[in-house]
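Undergrad: Below you'll find run-v9.tsv; it's TSV, C-alpha atoms.
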```tsv
chain	number	residue	atom	x	y	z
A	529	MET	CA	22.81	7.07	13.18
A	530	TRP	CA	19.52	7.92	14.87
A	531	GLY	CA	19.58	11.17	16.77
A	532	GLU	CA	22.48	12.68	14.84
A	533	PRO	CA	22.00	16.39	14.00
A	534	ASP	CA	21.60	15.79	10.27
A	535	SER	CA	19.16	12.89	10.60
A	536	LEU	CA	15.48	13.45	9.88
A	537	ARG	CA	12.39	12.23	11.71
A	538	ILE	CA	9.78	11.46	9.09
A	539	GLY	CA	6.22	10.26	9.47
A	540	ILE	CA	4.85	8.11	6.63
A	541	LEU	CA	1.06	8.45	6.67
A	542	VAL	CA	-1.44	5.93	5.26
A	543	HIS	CA	-5.19	5.69	5.81
A	544	GLU	CA	-5.25	1.99	6.80
A	545	VAL	CA	-2.90	-0.97	6.50
A	546	LEU	CA	-4.45	-2.94	3.66
A	547	PHE	CA	-3.14	-5.12	0.85
A	548	GLY	CA	-2.35	-2.43	-1.69
A	549	GLY	CA	0.49	-0.81	-3.59
A	550	ALA	CA	0.42	2.49	-1.67
A	551	GLU	CA	0.57	0.71	1.69
A	552	LYS	CA	3.41	-1.52	0.49
A	553	VAL	CA	5.43	1.46	-0.71
A	554	ALA	CA	4.82	3.31	2.57
A	555	ILE	CA	6.02	0.36	4.66
A	556	GLU	CA	9.11	-0.09	2.49
A	557	GLU	CA	9.84	3.63	2.86
A	558	VAL	CA	9.82	3.32	6.65
A	559	ARG	CA	12.21	0.38	6.50
A	560	ALA	CA	14.52	2.06	3.97
A	561	LEU	CA	14.63	5.42	5.76
A	562	ASN	CA	15.57	3.72	9.01
A	563	ALA	CA	18.19	1.64	7.21
A	564	ILE	CA	19.99	4.73	5.87
A	565	GLY	CA	20.16	6.40	9.28
A	566	HIS	CA	16.95	8.39	9.69
A	567	GLU	CA	14.02	7.91	12.04
A	568	ALA	CA	10.83	6.94	10.26
A	569	VAL	CA	7.51	5.93	11.72
A	570	LEU	CA	4.41	4.56	10.00
A	571	ILE	CA	1.37	6.64	10.97
A	572	VAL	CA	-1.90	4.83	10.27
A	573	LEU	CA	-5.08	6.86	10.44
A	574	ARG	CA	-7.43	4.00	11.29
A	575	ARG	CA	-6.65	0.70	13.01
A	576	THR	CA	-8.37	-2.32	11.50
A	577	GLU	CA	-8.17	-6.08	12.01
A	578	SER	CA	-6.26	-6.50	8.75
A	579	THR	CA	-3.14	-8.66	8.85
A	580	ALA	CA	-1.77	-7.14	5.65
A	581	PHE	CA	2.05	-6.96	5.41
A	582	LYS	CA	2.38	-8.44	8.90
A	583	ASP	CA	5.91	-9.70	8.19
A	584	HIS	CA	6.94	-6.41	6.56
A	585	LEU	CA	5.93	-4.46	9.65
A	586	VAL	CA	8.13	-6.38	12.07
A	587	GLY	CA	10.66	-3.97	13.60
A	588	SER	CA	8.96	-0.81	12.28
A	589	LYS	CA	7.40	1.68	14.64
A	590	GLN	CA	3.68	2.33	14.12
A	591	ILE	CA	1.29	4.94	15.46
A	592	PHE	CA	-2.47	4.59	15.01
A	593	PHE	CA	-4.20	7.97	14.96
A	594	SER	CA	-7.55	6.36	15.80
A	595	ASP	CA	-6.08	5.09	19.10
A	596	LEU	CA	-5.61	8.70	20.17
A	597	LEU	CA	-9.35	9.40	19.87
A	598	PRO	CA	-12.19	8.62	22.29
A	599	TRP	CA	-13.99	5.56	20.94
A	600	PRO	CA	-17.15	7.40	19.73
A	601	LEU	CA	-14.96	9.58	17.49
A	602	ARG	CA	-13.44	6.51	15.84
A	603	LEU	CA	-16.74	5.75	14.12
A	604	SER	CA	-16.51	5.39	10.36
A	605	PHE	CA	-18.33	3.87	7.41
A	606	ARG	CA	-17.89	3.89	3.68
A	607	ILE	CA	-19.62	6.84	2.02
A	608	PRO	CA	-22.46	5.52	-0.20
A	609	LEU	CA	-21.62	5.26	-3.93
A	610	PHE	CA	-17.86	5.40	-3.23
A	611	ARG	CA	-15.53	2.42	-3.26
A	612	PHE	CA	-12.93	3.65	-0.77
A	613	PHE	CA	-13.91	7.12	0.46
A	614	SER	CA	-15.07	6.80	4.08
A	615	LEU	CA	-16.30	9.06	6.86
A	616	PHE	CA	-12.97	8.97	8.71
A	617	HIS	CA	-11.22	10.60	5.74
A	618	VAL	CA	-13.21	13.71	6.64
A	619	THR	CA	-13.62	13.47	10.42
A	620	TYR	CA	-9.99	12.53	11.13
A	621	ALA	CA	-8.90	15.53	9.05
A	622	ILE	CA	-10.90	17.71	11.43
A	623	PHE	CA	-9.56	15.99	14.56
A	624	GLY	CA	-6.01	16.18	13.20
A	625	ARG	CA	-5.93	19.92	13.90
A	626	PHE	CA	-6.52	19.33	17.63
A	627	VAL	CA	-5.11	15.88	18.47
A	628	SER	CA	-1.34	15.80	18.72
A	629	ILE	CA	0.61	12.74	17.62
A	630	PRO	CA	3.11	11.93	20.40
A	631	GLU	CA	6.13	11.90	18.13
A	632	LYS	CA	8.54	14.66	17.19
A	633	LEU	CA	8.68	14.89	13.41
A	634	ASP	CA	10.45	17.02	10.83
A	635	ALA	CA	8.08	16.17	7.98
A	636	ILE	CA	5.13	14.00	6.99
A	637	ILE	CA	4.66	12.13	3.73
A	638	ALA	CA	1.00	11.30	3.10
A	639	HIS	CA	0.16	8.45	0.71
A	640	GLY	CA	-3.07	8.81	-1.21
A	641	THR	CA	-5.37	11.66	-2.14
A	642	TYR	CA	-7.93	11.19	0.62
A	643	THR	CA	-5.19	10.60	3.21
A	644	CYS	CA	-3.80	14.04	2.38
A	645	PHE	CA	-6.83	15.66	4.06
A	646	SER	CA	-5.62	14.41	7.44
A	647	GLY	CA	-1.97	14.83	6.49
A	648	ILE	CA	-2.44	18.56	5.93
A	649	ALA	CA	-4.23	18.90	9.28
A	650	ILE	CA	-1.59	16.95	11.22
A	651	ALA	CA	1.25	18.87	9.53
A	652	ARG	CA	-0.34	22.19	10.45
A	653	GLN	CA	-0.90	21.09	14.03
A	654	LYS	CA	2.77	20.10	14.33
A	655	LYS	CA	4.00	23.04	12.21
A	656	ILE	CA	5.99	20.82	9.86
A	657	PRO	CA	5.93	20.42	6.05
A	658	LEU	CA	3.67	17.89	4.36
A	659	LEU	CA	4.72	16.05	1.22
A	660	ALA	CA	1.58	14.87	-0.58
A	661	LEU	CA	2.24	11.64	-2.49
A	662	ILE	CA	-0.67	11.63	-4.93
A	663	TRP	CA	-0.90	8.32	-6.74
A	664	ASP	CA	-4.13	9.40	-8.47
A	665	PRO	CA	-5.76	12.87	-8.29
A	666	VAL	CA	-9.47	13.08	-7.46
A	667	VAL	CA	-10.39	14.12	-11.02
A	668	TYR	CA	-8.64	11.04	-12.41
A	669	ILE	CA	-10.35	8.75	-9.88
A	670	LEU	CA	-13.74	10.17	-10.85
A	671	ASN	CA	-13.00	9.75	-14.54
A	672	LYS	CA	-11.68	6.19	-14.17
A	673	SER	CA	-14.07	4.72	-11.61
A	674	TYR	CA	-17.31	6.69	-11.55
A	675	PHE	CA	-17.81	8.70	-14.75
A	676	SER	CA	-16.06	6.59	-17.37
A	677	THR	CA	-18.31	7.44	-20.32
A	678	GLN	CA	-18.79	10.74	-22.11
A	679	ALA	CA	-22.50	10.72	-21.23
A	680	LYS	CA	-21.75	10.35	-17.51
A	681	ARG	CA	-19.13	13.09	-17.60
A	682	ALA	CA	-21.49	15.45	-19.39
A	683	SER	CA	-24.37	14.86	-16.97
A	684	LEU	CA	-25.25	17.41	-14.29
A	685	LEU	CA	-23.94	15.08	-11.58
A	686	GLY	CA	-20.75	14.43	-13.53
A	687	SER	CA	-20.11	18.12	-14.15
A	688	LEU	CA	-20.64	18.91	-10.47
A	689	ALA	CA	-18.42	16.01	-9.34
A	690	PHE	CA	-15.56	17.06	-11.61
A	691	ALA	CA	-15.81	20.68	-10.48
A	692	ILE	CA	-15.58	19.60	-6.84
A	693	GLY	CA	-12.79	17.15	-7.68
A	694	GLN	CA	-10.69	19.85	-9.26
A	695	ILE	CA	-11.20	22.11	-6.25
A	696	ILE	CA	-10.03	19.31	-3.94
A	697	ASP	CA	-6.98	18.52	-6.08
A	698	LYS	CA	-6.02	22.18	-6.16
A	699	TRP	CA	-6.55	22.55	-2.41
A	700	ILE	CA	-4.29	19.58	-1.65
A	701	CYS	CA	-1.55	20.82	-3.98
A	702	ARG	CA	-1.61	24.36	-2.64
A	703	ASN	CA	-1.61	23.27	1.00
A	704	SER	CA	1.32	20.88	0.68
A	705	ALA	CA	4.97	21.82	0.79
A	706	ALA	CA	5.63	19.52	-2.16
A	707	VAL	CA	3.53	17.23	-4.34
A	708	LEU	CA	4.99	13.86	-5.30
A	709	THR	CA	3.68	11.51	-7.97
A	710	GLY	CA	4.92	8.43	-9.81
A	711	SER	CA	3.52	9.28	-13.24
A	712	LYS	CA	4.51	11.84	-15.86
A	713	PHE	CA	0.86	11.90	-16.92
A	714	HIS	CA	-0.28	12.94	-13.44
A	715	ALA	CA	2.70	15.28	-12.95
A	716	SER	CA	1.74	17.32	-16.02
A	717	LYS	CA	-1.83	17.70	-14.76
A	718	LEU	CA	-0.84	18.54	-11.18
A	719	ARG	CA	1.61	21.23	-12.34
A	720	THR	CA	-1.32	23.18	-13.77
A	721	LEU	CA	-2.78	23.45	-10.26
A	722	VAL	CA	0.16	25.22	-8.60
A	723	ARG	CA	1.94	28.49	-9.18
A	724	SER	CA	5.40	26.93	-9.11
A	725	PRO	CA	5.57	23.83	-11.36
A	726	GLU	CA	8.79	22.68	-9.65
A	727	LYS	CA	6.69	22.02	-6.55
A	728	VAL	CA	5.43	18.84	-8.28
A	729	LYS	CA	8.13	16.18	-8.28
A	730	LEU	CA	8.25	12.83	-10.05
A	731	ILE	CA	9.39	10.02	-7.76
A	732	ILE	CA	9.74	6.31	-8.58
A	733	PRO	CA	9.24	3.57	-5.95
A	734	GLY	CA	11.97	1.06	-5.20
A	735	VAL	CA	12.22	-2.71	-5.49
A	736	ARG	CA	14.22	-5.61	-4.09
A	737	LEU	CA	16.58	-6.90	-6.77
A	738	ARG	CA	17.30	-10.53	-7.49
A	739	GLN	CA	21.03	-11.25	-7.74
A	740	SER	CA	20.78	-13.05	-11.08
A	741	VAL	CA	18.18	-13.89	-13.71
A	742	ARG	CA	16.88	-17.45	-13.78
A	743	SER	CA	17.06	-19.46	-16.98
A	744	ASP	CA	14.78	-22.21	-15.62
A	745	ARG	CA	11.19	-21.01	-15.95
A	746	LYS	CA	7.95	-22.71	-15.08
A	747	ASP	CA	5.08	-22.92	-17.50
A	748	TYR	CA	2.90	-19.98	-16.47
A	749	ALA	CA	2.10	-16.32	-16.97
A	750	MET	CA	1.75	-14.49	-13.67
A	751	LEU	CA	-0.76	-11.92	-12.47
A	752	ALA	CA	-0.36	-10.24	-9.07
A	753	THR	CA	-2.15	-7.36	-7.39
A	754	SER	CA	-4.59	-6.64	-4.59
A	755	TRP	CA	-7.78	-8.00	-6.14
A	756	LYS	CA	-10.71	-5.66	-5.65
A	757	GLU	CA	-13.61	-4.25	-7.61
A	758	GLY	CA	-12.35	-2.57	-10.76
A	759	LYS	CA	-9.30	-4.84	-11.23
A	760	GLU	CA	-11.37	-7.16	-13.47
A	761	PRO	CA	-9.63	-10.49	-12.75
A	762	GLU	CA	-12.31	-12.23	-14.85
A	763	TYR	CA	-10.48	-10.99	-17.94
A	764	VAL	CA	-7.83	-13.65	-17.42
A	765	LEU	CA	-10.55	-16.28	-17.81
A	766	GLU	CA	-11.27	-14.93	-21.28
A	767	LEU	CA	-7.59	-15.28	-22.14
A	768	ALA	CA	-7.46	-18.79	-20.70
A	769	GLN	CA	-10.39	-19.86	-22.87
A	770	ARG	CA	-8.69	-18.40	-25.92
A	771	LEU	CA	-5.16	-19.69	-25.19
A	772	ARG	CA	-5.61	-23.30	-24.17
A	773	GLN	CA	-1.87	-24.06	-24.17
A	774	ILE	CA	-0.98	-21.35	-21.60
A	775	LYS	CA	-1.37	-21.50	-17.83
A	776	PHE	CA	-1.99	-18.49	-15.59
A	777	MET	CA	-0.96	-17.99	-11.95
A	778	VAL	CA	-3.13	-15.48	-10.07
A	779	ALA	CA	-1.43	-14.23	-6.87
A	780	GLY	CA	-2.47	-11.56	-4.39
A	781	ALA	CA	-4.93	-10.90	-1.60
A	782	TRP	CA	-8.66	-10.58	-2.27
A	783	VAL	CA	-10.19	-7.57	-0.57
A	784	THR	CA	-13.45	-9.43	0.10
A	785	GLU	CA	-14.20	-13.14	0.21
A	786	GLY	CA	-17.40	-12.50	-1.74
A	787	PHE	CA	-15.44	-11.09	-4.67
A	788	LYS	CA	-13.12	-14.09	-4.63
A	789	ARG	CA	-16.04	-16.54	-4.52
A	790	ARG	CA	-17.66	-14.89	-7.54
A	791	PHE	CA	-14.39	-15.17	-9.45
A	792	LEU	CA	-13.91	-18.84	-8.54
A	793	SER	CA	-17.50	-19.57	-9.50
A	794	GLU	CA	-17.00	-18.00	-12.93
A	795	LEU	CA	-13.68	-19.83	-13.28
A	796	ALA	CA	-15.51	-23.14	-12.80
A	797	GLU	CA	-18.33	-22.16	-15.15
A	798	ARG	CA	-15.87	-21.41	-17.93
A	799	GLY	CA	-14.10	-24.72	-17.41
A	800	VAL	CA	-10.55	-23.38	-17.11
A	801	GLU	CA	-9.64	-24.71	-13.64
A	802	ASP	CA	-6.75	-26.66	-15.16
A	803	ARG	CA	-5.19	-23.50	-16.61
A	804	VAL	CA	-5.88	-20.80	-14.00
A	805	SER	CA	-4.44	-21.26	-10.49
A	806	VAL	CA	-5.53	-18.90	-7.71
A	807	ILE	CA	-3.03	-18.93	-4.85
A	808	GLY	CA	-4.15	-15.86	-2.88
A	809	ALA	CA	-1.94	-13.73	-0.65
A	810	VAL	CA	1.72	-14.76	-0.35
A	811	ASP	CA	4.60	-13.30	1.61
A	812	GLU	CA	7.17	-11.10	-0.10
A	813	LEU	CA	9.84	-13.74	-0.62
A	814	ARG	CA	7.34	-16.14	-2.15
A	815	LEU	CA	5.95	-13.39	-4.38
A	816	LEU	CA	9.39	-12.47	-5.72
A	817	ASP	CA	10.19	-16.14	-6.31
A	818	LEU	CA	7.00	-16.56	-8.32
A	819	TYR	CA	7.99	-13.59	-10.49
A	820	SER	CA	11.43	-15.06	-11.09
A	821	GLN	CA	10.01	-18.37	-12.35
A	822	ALA	CA	7.29	-16.97	-14.61
A	823	VAL	CA	7.65	-16.70	-18.37
A	824	VAL	CA	5.91	-13.31	-18.30
A	825	PHE	CA	4.04	-11.00	-15.94
A	826	LEU	CA	0.63	-9.87	-17.18
A	827	GLN	CA	-1.28	-6.82	-15.96
A	828	ILE	CA	-4.91	-6.36	-16.96
A	829	LYS	CA	-5.89	-2.85	-15.87
A	830	ALA	CA	-3.79	0.28	-16.28
A	831	ASP	CA	-2.46	1.85	-13.08
A	832	VAL	CA	-1.54	5.35	-14.21
A	833	GLY	CA	-0.47	6.16	-10.64
A	834	PHE	CA	2.51	3.91	-11.24
A	835	GLY	CA	2.15	0.13	-11.69
A	836	LEU	CA	4.51	-1.31	-9.05
A	837	PRO	CA	3.99	-5.03	-9.89
A	838	ALA	CA	5.59	-4.58	-13.32
A	839	LEU	CA	8.70	-3.05	-11.72
A	840	GLU	CA	8.74	-5.87	-9.16
A	841	ALA	CA	8.57	-8.43	-11.97
A	842	ALA	CA	11.44	-6.69	-13.76
A	843	SER	CA	13.49	-6.71	-10.56
A	844	GLN	CA	13.28	-10.52	-10.63
A	845	GLY	CA	14.19	-10.81	-14.30
A	846	CYS	CA	10.65	-11.35	-15.56
A	847	THR	CA	9.45	-9.55	-18.68
A	848	PHE	CA	5.90	-8.18	-18.81
A	849	ILE	CA	2.82	-7.36	-20.87
A	850	ILE	CA	1.17	-4.25	-19.41
A	851	PRO	CA	-1.22	-1.47	-20.46
A	852	GLU	CA	0.31	1.66	-21.97
A	853	GLY	CA	0.40	5.03	-20.20
A	854	GLN	CA	1.36	3.93	-16.70
A	855	GLY	CA	4.09	5.55	-14.65
A	856	VAL	CA	6.15	2.36	-14.84
A	857	CYS	CA	6.09	2.59	-18.65
A	858	ASP	CA	8.22	5.72	-18.40
A	859	ILE	CA	11.27	3.75	-17.27
A	860	PHE	CA	11.16	0.77	-19.66
A	861	ALA	CA	11.24	0.34	-23.43
A	862	SER	CA	8.44	-1.57	-25.13
A	863	GLY	CA	9.82	-4.37	-27.28
A	864	SER	CA	13.17	-4.79	-25.52
A	865	ASP	CA	12.29	-4.84	-21.80
A	866	GLY	CA	8.63	-5.77	-21.96
A	867	LEU	CA	5.54	-5.26	-24.08
A	868	MET	CA	3.08	-2.39	-23.69
A	869	VAL	CA	-0.38	-2.55	-25.23
A	870	SER	CA	-3.71	-0.77	-25.19
A	871	GLU	CA	-5.71	-1.85	-22.15
A	872	LYS	CA	-7.53	-5.16	-22.83
A	873	ASP	CA	-6.46	-5.33	-26.48
A	874	THR	CA	-7.20	-9.05	-26.48
A	875	PRO	CA	-5.90	-9.99	-29.97
A	876	GLN	CA	-2.56	-8.24	-29.35
A	877	ILE	CA	-2.18	-9.57	-25.81
A	878	ALA	CA	-2.95	-13.11	-27.00
A	879	LYS	CA	-0.40	-12.77	-29.80
A	880	TYR	CA	2.30	-11.53	-27.41
A	881	LEU	CA	1.61	-14.34	-24.94
A	882	GLU	CA	1.82	-16.99	-27.64
A	883	ASN	CA	5.09	-15.57	-28.98
A	884	LEU	CA	6.75	-15.44	-25.55
A	885	PHE	CA	5.72	-18.98	-24.64
A	886	GLN	CA	6.94	-20.27	-28.00
A	887	ASN	CA	10.21	-18.34	-27.69
A	888	ARG	CA	11.33	-18.72	-24.07
A	889	ALA	CA	14.86	-17.48	-24.83
A	890	THR	CA	13.39	-14.18	-26.05
A	891	ALA	CA	11.26	-13.87	-22.92
A	892	ILE	CA	14.30	-14.49	-20.71
A	893	GLN	CA	16.43	-11.98	-22.64
A	894	MET	CA	13.72	-9.30	-22.35
A	895	GLY	CA	13.44	-10.05	-18.64
A	896	LYS	CA	17.19	-9.63	-18.24
A	897	SER	CA	17.08	-6.28	-20.04
A	898	ALA	CA	14.29	-5.09	-17.73
A	899	TRP	CA	16.22	-6.43	-14.71
A	900	MET	CA	19.26	-4.36	-15.66
A	901	LYS	CA	17.15	-1.19	-15.76
A	902	ALA	CA	15.48	-2.07	-12.46
A	903	HIS	CA	18.90	-1.74	-10.81
A	904	SER	CA	18.41	2.04	-10.85
A	905	TYR	CA	15.43	1.76	-8.51
A	906	SER	CA	16.44	0.46	-5.10
A	907	TRP	CA	14.54	1.35	-1.93
A	908	ALA	CA	17.69	3.01	-0.58
A	909	ARG	CA	17.75	5.35	-3.59
A	910	HIS	CA	14.05	6.09	-3.16
A	911	ALA	CA	14.53	6.83	0.55
A	912	GLN	CA	17.44	9.17	-0.16
A	913	GLU	CA	15.30	11.14	-2.64
A	914	LEU	CA	12.64	11.55	0.06
A	915	VAL	CA	15.27	12.74	2.55
A	916	GLU	CA	16.57	15.37	0.13
A	917	ILE	CA	13.06	16.70	-0.53
A	918	CYS	CA	12.14	16.73	3.17
A	919	ASP	CA	15.42	18.39	4.07
A	920	THR	CA	14.76	21.16	1.54
A	921	TYR	CA	11.56	22.19	3.28
A	922	ARG	CA	12.89	21.62	6.79
A	923	ALA	CA	15.83	23.89	5.99
A	924	LYS	CA	13.68	26.59	4.39
A	925	PRO	CA	10.61	27.17	6.57
A	926	SER	CA	9.49	30.05	4.34
A	927	GLU	CA	8.89	27.55	1.53
A	928	ARG	CA	6.60	25.31	3.58
A	929	GLY	CA	2.98	24.92	2.53
A	930	PRO	CA	0.60	26.42	2.03
A	931	VAL	CA	2.97	28.23	-0.33
A	932	ASP	CA	0.37	29.07	-2.99
A	933	ASP	CA	-2.03	31.00	-0.76
```
Would you mind writing the file out in structure tokens?

TA:
Amino acid sequence: MWGEPDSLRIGILVHEVLFGGAEKVAIEEVRALNAIGHEAVLIVLRRTESTAFKDHLVGSKQIFFSDLLPWPLRLSFRIPLFRFFSLFHVTYAIFGRFVSIPEKLDAIIAHGTYTCFSGIAIARQKKIPLLALIWDPVVYILNKSYFSTQAKRASLLGSLAFAIGQIIDKWICRNSAAVLTGSKFHASKLRTLVRSPEKVKLIIPGVRLRQSVRSDRKDYAMLATSWKEGKEPEYVLELAQRLRQIKFMVAGAWVTEGFKRRFLSELAERGVEDRVSVIGAVDELRLLDLYSQAVVFLQIKADVGFGLPALEAASQGCTFIIPEGQGVCDIFASGSDGLMVSEKDTPQIAKYLENLFQNRATAIQMGKSAWMKAHSYSWARHAQELVEICDTYRAKPSERGPVDD
């Protein structure tokens, strides 16, 4: 019950409420923590006009840090050359040392590398531990999105960027009470940045489980994510041209209308409108229903941070074809639960798709196997793991960050 001596008051911090995996996990954490008897509040650094996860947020308490600032200090813009890094990631981290959030908290969990800047400041101001949930370290982001070739990495600008990135990653790790991540790949890298490797903890998101696996499937492969630059949705058009007997369902919000228009224009130019359906953003129940009816879930780009959609598909009894190396790959077996391939290995992906559509019983059996494993990953279990970690640092103030100074 709320207010009981052993209950925790936890702030879940995100930079904005957008259509994205980190935001979805954060909102589910608030709901799950409250459901198991703790007090959780969603702290959003910057208020926007986004209607993302509107239904999910009903009944959850929210605090917008930007509302606590005089309007001139709310100013922000995207930093040139960066996709998501904005001025407020820096300025709000400065203001966080002086502006008090009107909520008594025992701990803060900050989602996202850039969000951790402000999370560290707010935690210090309130004298509580910060748990940094790093989906992707700065060095990985630079390597994946900005310096993807050897020539770029070896350039003067690349060398400087990676040096700064490593400093930032180390600073975040050393100034957090604990570092959480959803990927063994990232965990191994992050453990090299701290003195005590046990400070870095692997944590898996939760899902909502379907009660039974459907045997009646509709004739499509499903793709679902928040569609933004770098996700490369146009790749599905290449598959559709190659596999004329297979239909593709593309679900999920588009970050900008311009990006969506360019995709639809290319879809028309390639002449695959009859095989690629774009349905846009859907509510959670509709999304899960679409998973349950699909023959297979297909993911184009690797999400080493975790890869939540594949776990969501599994939770609805849908098998998957996904890139190797993601956090979600750590909990499933390729061949029996789903199929894992090199990113954009078109011949292999095409072969797998053809086999699953020709052998629906095999697809359903693989989906059922994945569904059984997904039972280990409820939101209640995830929330309880967070409580145990938070309670460790609440109970032992001497272990609170910065512990590596």

Undergrad: Can you pull out every residue within 7 Å of region 779-786 of chain A, counting all atoms listed in the file, but drop anything in the same chain fewer than 3 positions away, and send it as a PDB file with C-alpha atoms, keeping the file's coordinate frame?

TA:
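Listing of selection17.pdb after writing:
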```
ATOM      1  CA  PHE A 547      -3.140  -5.120   0.850  1.00  0.00           C
ATOM      2  CA  LEU A 751      -0.760 -11.920 -12.470  1.00  0.00           C
ATOM      3  CA  ALA A 752      -0.360 -10.240  -9.070  1.00  0.00           C
ATOM      4  CA  THR A 753      -2.150  -7.360  -7.390  1.00  0.00           C
ATOM      5  CA  SER A 754      -4.590  -6.640  -4.590  1.00  0.00           C
ATOM      6  CA  TRP A 755      -7.780  -8.000  -6.140  1.00  0.00           C
ATOM      7  CA  LYS A 756     -10.710  -5.660  -5.650  1.00  0.00           C
ATOM      8  CA  ARG A 789     -16.040 -16.540  -4.520  1.00  0.00           C
ATOM      9  CA  ARG A 790     -17.660 -14.890  -7.540  1.00  0.00           C
ATOM     10  CA  VAL A 806      -5.530 -18.900  -7.710  1.00  0.00           C
ATOM     11  CA  ILE A 807      -3.030 -18.930  -4.850  1.00  0.00           C
ATOM     12  CA  GLY A 808      -4.150 -15.860  -2.880  1.00  0.00           C
ATOM     13  CA  ALA A 809      -1.940 -13.730  -0.650  1.00  0.00           C
ATOM     14  CA  VAL A 810       1.720 -14.760  -0.350  1.00  0.00           C
TER      15      VAL A 810
END
```

Undergrad: Please identify all polymer residues within 12 Å of Gly799 (chain A), counting all atoms listed in the file, omitting same-chain residues fewer than 5 positions from it, and present them as number ranges by chain.

TA: A: 765-766, 768-770, 772, 792-794, 804

Undergrad: Just give me the gap between CA of Gly587 (chain A) and CA of Val558 (chain A) in Å, one decimal is fine.

TA: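 Pair CA of Gly587 (chain A) / CA of Val558 (chain A) returns 10.1 Å.
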
Undergrad: Please determine, counting only C-alpha atoms, which residue among A:Phe860, A:Phe610, A:Tyr642, A:Phe787 has the shortest atom-to-atom distance to Asp697 (chain A).

TA: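 The closest residue to Asp697 (chain A) is A:Tyr642.
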
Undergrad: Nearest to Leu721 (chain A): which of A:Asn887, A:Ser704, A:Ser805, A:Gln893 is it, counting only C-alpha atoms?

TA: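 Distance minimum relative to Leu721 (chain A) lands on A:Ser704.
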
Undergrad: Could you put an axis-aligned box around every listed atom of region 908-921 of chain A, padded by 8 Å on each side, and send me its centre and edge lengths in Å to one decimal, as lines of an AutoDock Vina configuration file?

TA:
```
center_x = 14.7
center_y = 12.6
center_z = 0.2
size_x = 22.2
size_y = 35.2
size_z = 23.7
```

Undergrad: Determine, counting all atoms listed in the file, which protein, DNA and RNA residues have an atom within 12 Å of an atom of Phe834 (chain A); residues of the same chain fewer than 2 positions away are not included. Present the result as a PDB file with C-alpha atoms, in the coordinates of the input.

TA:
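Contents of the output file out16.pdb:
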```
ATOM      1  CA  GLY A 549       0.490  -0.810  -3.590  1.00  0.00           C
ATOM      2  CA  ALA A 550       0.420   2.490  -1.670  1.00  0.00           C
ATOM      3  CA  VAL A 553       5.430   1.460  -0.710  1.00  0.00           C
ATOM      4  CA  LEU A 661       2.240  11.640  -2.490  1.00  0.00           C
ATOM      5  CA  ILE A 662      -0.670  11.630  -4.930  1.00  0.00           C
ATOM      6  CA  TRP A 663      -0.900   8.320  -6.740  1.00  0.00           C
ATOM      7  CA  ASP A 664      -4.130   9.400  -8.470  1.00  0.00           C
ATOM      8  CA  LEU A 708       4.990  13.860  -5.300  1.00  0.00           C
ATOM      9  CA  THR A 709       3.680  11.510  -7.970  1.00  0.00           C
ATOM     10  CA  GLY A 710       4.920   8.430  -9.810  1.00  0.00           C
ATOM     11  CA  SER A 711       3.520   9.280 -13.240  1.00  0.00           C
ATOM     12  CA  LYS A 712       4.510  11.840 -15.860  1.00  0.00           C
ATOM     13  CA  PHE A 713       0.860  11.900 -16.920  1.00  0.00           C
ATOM     14  CA  HIS A 714      -0.280  12.940 -13.440  1.00  0.00           C
ATOM     15  CA  ALA A 715       2.700  15.280 -12.950  1.00  0.00           C
ATOM     16  CA  LEU A 730       8.250  12.830 -10.050  1.00  0.00           C
ATOM     17  CA  ILE A 731       9.390  10.020  -7.760  1.00  0.00           C
ATOM     18  CA  ILE A 732       9.740   6.310  -8.580  1.00  0.00           C
ATOM     19  CA  PRO A 733       9.240   3.570  -5.950  1.00  0.00           C
ATOM     20  CA  GLY A 734      11.970   1.060  -5.200  1.00  0.00           C
ATOM     21  CA  LYS A 829      -5.890  -2.850 -15.870  1.00  0.00           C
ATOM     22  CA  ALA A 830      -3.790   0.280 -16.280  1.00  0.00           C
ATOM     23  CA  ASP A 831      -2.460   1.850 -13.080  1.00  0.00           C
ATOM     24  CA  VAL A 832      -1.540   5.350 -14.210  1.00  0.00           C
ATOM     25  CA  LEU A 836       4.510  -1.310  -9.050  1.00  0.00           C
ATOM     26  CA  PRO A 837       3.990  -5.030  -9.890  1.00  0.00           C
ATOM     27  CA  ALA A 838       5.590  -4.580 -13.320  1.00  0.00           C
ATOM     28  CA  LEU A 839       8.700  -3.050 -11.720  1.00  0.00           C
ATOM     29  CA  GLU A 840       8.740  -5.870  -9.160  1.00  0.00           C
ATOM     30  CA  ILE A 850       1.170  -4.250 -19.410  1.00  0.00           C
ATOM     31  CA  PRO A 851      -1.220  -1.470 -20.460  1.00  0.00           C
ATOM     32  CA  GLU A 852       0.310   1.660 -21.970  1.00  0.00           C
ATOM     33  CA  GLY A 853       0.400   5.030 -20.200  1.00  0.00           C
ATOM     34  CA  GLN A 854       1.360   3.930 -16.700  1.00  0.00           C
ATOM     35  CA  GLY A 855       4.090   5.550 -14.650  1.00  0.00           C
ATOM     36  CA  VAL A 856       6.150   2.360 -14.840  1.00  0.00           C
ATOM     37  CA  CYS A 857       6.090   2.590 -18.650  1.00  0.00           C
ATOM     38  CA  ASP A 858       8.220   5.720 -18.400  1.00  0.00           C
ATOM     39  CA  ILE A 859      11.270   3.750 -17.270  1.00  0.00           C
TER      40      ILE A 859
END
```

Undergrad: Hey, which of A:Ile607, A:Leu718, A:Met750, A:Leu816 ends up closest to Val778 (chain A)? Count only C-alpha atoms.

TA: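 Result for the nearest residue to Val778 (chain A): A:Met750.
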